[in-house]
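Q: Got a structure for you, written out below as structure tokens; questions coming shortly.
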Amino acid sequence: MKKLFLGVLTALALAAGGTFAGTLDDVKARGNLLCGVSTGAPGFATVDDSGKDVGFDVDYCRALAAAIFGDPMAVKFVGLTSAVRFTALAAGEVDILARNTTWTYSRDTDLKQTFLGVNYYDGQGFMVKKELGVKSTTELDGATVCIQVGTTTELNLADYFKENGMSYEPVPTADNAESQQQYLAGACDTYTTDASALHGTRVNLENPDDHLVLPEIISKEPLGPLVRHGDDNWADIGRWVLNALVIAEEKGITKGNIDSWKDTKDAEIHRLLGTGDDDILAMVGLPKNAMYNAIKAGGNYGEIFENNLGATSGINIERGVNASWTKGGILYSPPFR
Amino acid sequence: MSSPTLPPSESFKFSMLLSDTRYRGMSLQVITFIIFMAVFFWLVDNTIKNLALLDKDVSFNFLWLRAGYDINQRLIPYTSDSTHGMAALVGILNTLLVAFVGCIIATVLGLFVGILRLSKNWIVAKLMSAYIEGFRNVPVLLWIVMVFALLTEFTPAPRAFKGAEPEATMLFFESIAITNRGTYFPAPVLAEGAYWLLLCFGLSIVASIYFIRYANKQKIDTGKSLPTFWISVAVIILPTLILFFAMGQPVSLEYPYLKGFNFKDGIHLRNSFLALTLALAFYTSAFIAEIVRAGIMAVSKGQSEAAASLGLRPNKIMSLIILPQALRIIVPPLISNYLNLTKNSSLAIAVGYMDVRGTLGGITLNQTGRELESMLLLMGFYLAVSLLISSFINYFNRSFQIVVR
């Protein structure tokens, strides 16, 4: 029903007029950032026991809000299912979508979205109950598969089973919670989605040890935040806040030691933290210390990762390819200059 | 003698368009029409302009692109290589299937419950009231989810049928398996010569219709009533049955069996389909029951008393006197309930049933990003189906009323 509503809303929003240029001004005038996140993806966007939004995607939006307002709490989170997210973004319901969304060609071009970069290199995996005795995805011929509608995983799944000459029965679900419930009830043999989300879901199950995330990864899922076409300045702001978090990890700037870099000889750090003479952030309409605030909000990329997905969070996802390029990963930011 | 004088003919003045009753009605209509069209064109123009601003165009070409996703329940051949248009068609057929089956169940149930609610038996009447109030006063979405939850949470998984001492067994001589993924029935397999059977069956039905007409005519002409029901049942079943054995049983049953993760073969009614259809049928049947009750009560009491005084039995009174008169009242509101059921079937996504809202308005919309086009097509489809249903039943209703009067 919500999807239908949003569809109609888009039509109305389009019909009633309104342009989307000058998003930064709109956000400033409103006083908070509207950030579209998942309705519940452990590790990426959930609500903790005290009712606070937490997660990897949530922390990115907090950093962005901090860069704009100097206040990481000046952000309103809008829970969106995978099916309505693009419509909501196109209709102006949210300013930015940080909802573990895969960057693909057709989303970039045909859906008229601008991806700001990759904040998590993911891949599609499968989770099964150990009692099934399945050890590999190649043994899944004839299985019933729970899958969230409107995702790239849906298309990968069709391609993967076709390529391997296997059959399957899809059980479409609206979101992670419904998939999980169907999977636990045994209405499907396996649940497939991004491996990070599977790990996040697994640790929150009653008996995580009864479940197994199969070793195969069947697709590339570069996840990242995105904005709608038409406001390049806004896209630049989002992109460079993300890059700033990555550079901060590269340089060793953390939430704790961020104030101790005033005397460094590294000019890039001065530009980044706004402690130098030149104010390059004025080019996009942000205050001089915007990136300082962004990093101060939740720490650098590495800290955000550890707190939400890594060992500290209990989900225990390895950094793997998501490590900085200086540490053997593929996370690499263009220079801040 | 003075001839009657006509009022002096005034020359037409512009203000008369509003002040003169001869023109006022017409000019108001013209004004309304102009305003309506202006608003309409403003909306269309604005939409196109704003779409252009978002760098989007209106195009239906996506219907001919590869869909890339699979659909579990398909009545026509479809793979992930088919087009979005085909996916929409699969969804349309799934919607129509739910609507068709749901309407039949709802009508039968509704008629039954509506009549029983008027029963003189206190317990039966109260039970039916409880049924009606229970289904009518809870949102249908909750019933759909509820039925689905019952079907998935309290039924065994296919694996429970495995092993030497399985936890669950199939019903009716190992032929029907009720699992948390749906119910599997044996499927008929047509061998050579089976089409003769179908032909025979079709002819028998036609024959029974002619027989019923003949019996009715006989009843009107002579007053004798034949045991129509039993004879027509015999006419329909016996020839086909005899032919079936004479031809050496050309139709066999294919039983579902457990292989790998799931049951194979047989007819698979998915829980999503069952939950949606049953919940919609139960919900709508409660409304239909009330319509039936209202229709029956609208027939004057004198009619049934007169029939009783002629010595007709209660069930004859119901079928010969009351129902034919009540039907005229029942049919028009019945249409709107059929339409409601059809439109409510768009709640299918709640249980993951792939109707046209799920394919065209769900996955296709998402994968292609064509919200406006998909929504327009979807609205066009529901509008067309609704108009078709109501025109069909209106036609039926009209011919029906003339016969009665």
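How things are named: the first chain in the structure tokens is A, the next is B, and so on; residues count from 1 in each chain; ligands count from 1 in the order shown.
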Could you list, as a PyMOL selection string, every residue within 7 Å of segment 311-317 of chain A, counting only C-alpha atoms and ignoring same-chain residues fewer than 5 positions away?

A: chain A and resi 199-200+203+306

Q: Just to be explicit: take each residue in the selection above, keep C-alpha atoms, and write the result as a PDB file, in the first residue's frame.

A:
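Output file selection-v8.pdb is given in full below:
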ATOM      1  CA  HIS A 199      25.800 -11.696   8.761  1.00  0.00           C
ATOM      2  CA  GLY A 200      23.963  -8.878  10.510  1.00  0.00           C
ATOM      3  CA  VAL A 203      23.877 -12.702  14.842  1.00  0.00           C
ATOM      4  CA  GLU A 306      34.149  -1.278  13.608  1.00  0.00           C
TER       5      GLU A 306
END

Q: How close does segment 296-337 of chain A get to segment 227-242 of chain A? List, as a tab-separated table, each residue of segment 296-337 of chain A within 10 Å, its nearest atom pair and the distance in Å to one decimal, counting only C-alpha atoms.

A:
residue	atom	partner	partner_atom	distance
A:Asn300	CA	A:Leu242	CA	9.5
A:Tyr301	CA	A:Leu242	CA	8.2
A:Ser333	CA	A:Leu242	CA	8.8
A:Pro334	CA	A:Trp240	CA	9.3
A:Phe336	CA	A:Trp240	CA	8.4

Q: Find the spatial neighbours of Tyr382 of chain B, counting only C-alpha atoms, within a cut-off of 12 Å - ignore same-chain residues fewer than 3 positions away - and output them as a list in words.

A: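 So the residues in contact are Ile92, Thr95, Leu96, Ala99, Leu339, Asn340, Leu341, Thr342, Lys343, Asn344, Ser345, Ser346, Asp355, Val356, Arg357, Gly361, Met375, Leu376, Leu377, Leu378, Met379, Val385, Ser386, Leu387, Leu388 and Ile389 of chain B.
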
Q: Quick one: distance from atom CA of Asp141 of chain A to atom CA of Met166 of chain A in Å, one decimal?

A: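 Atom-to-atom, atom CA of Asp141 of chain A and atom CA of Met166 of chain A are spaced 4.9 Å apart.
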
Q: State, in Å with one decimal place, the distance from atom CA of Trp42 of chain B to atom CA of Leu18 of chain B.

A: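 One can read the atom CA of Trp42 of chain B to atom CA of Leu18 of chain B distance as 26.7 Å.
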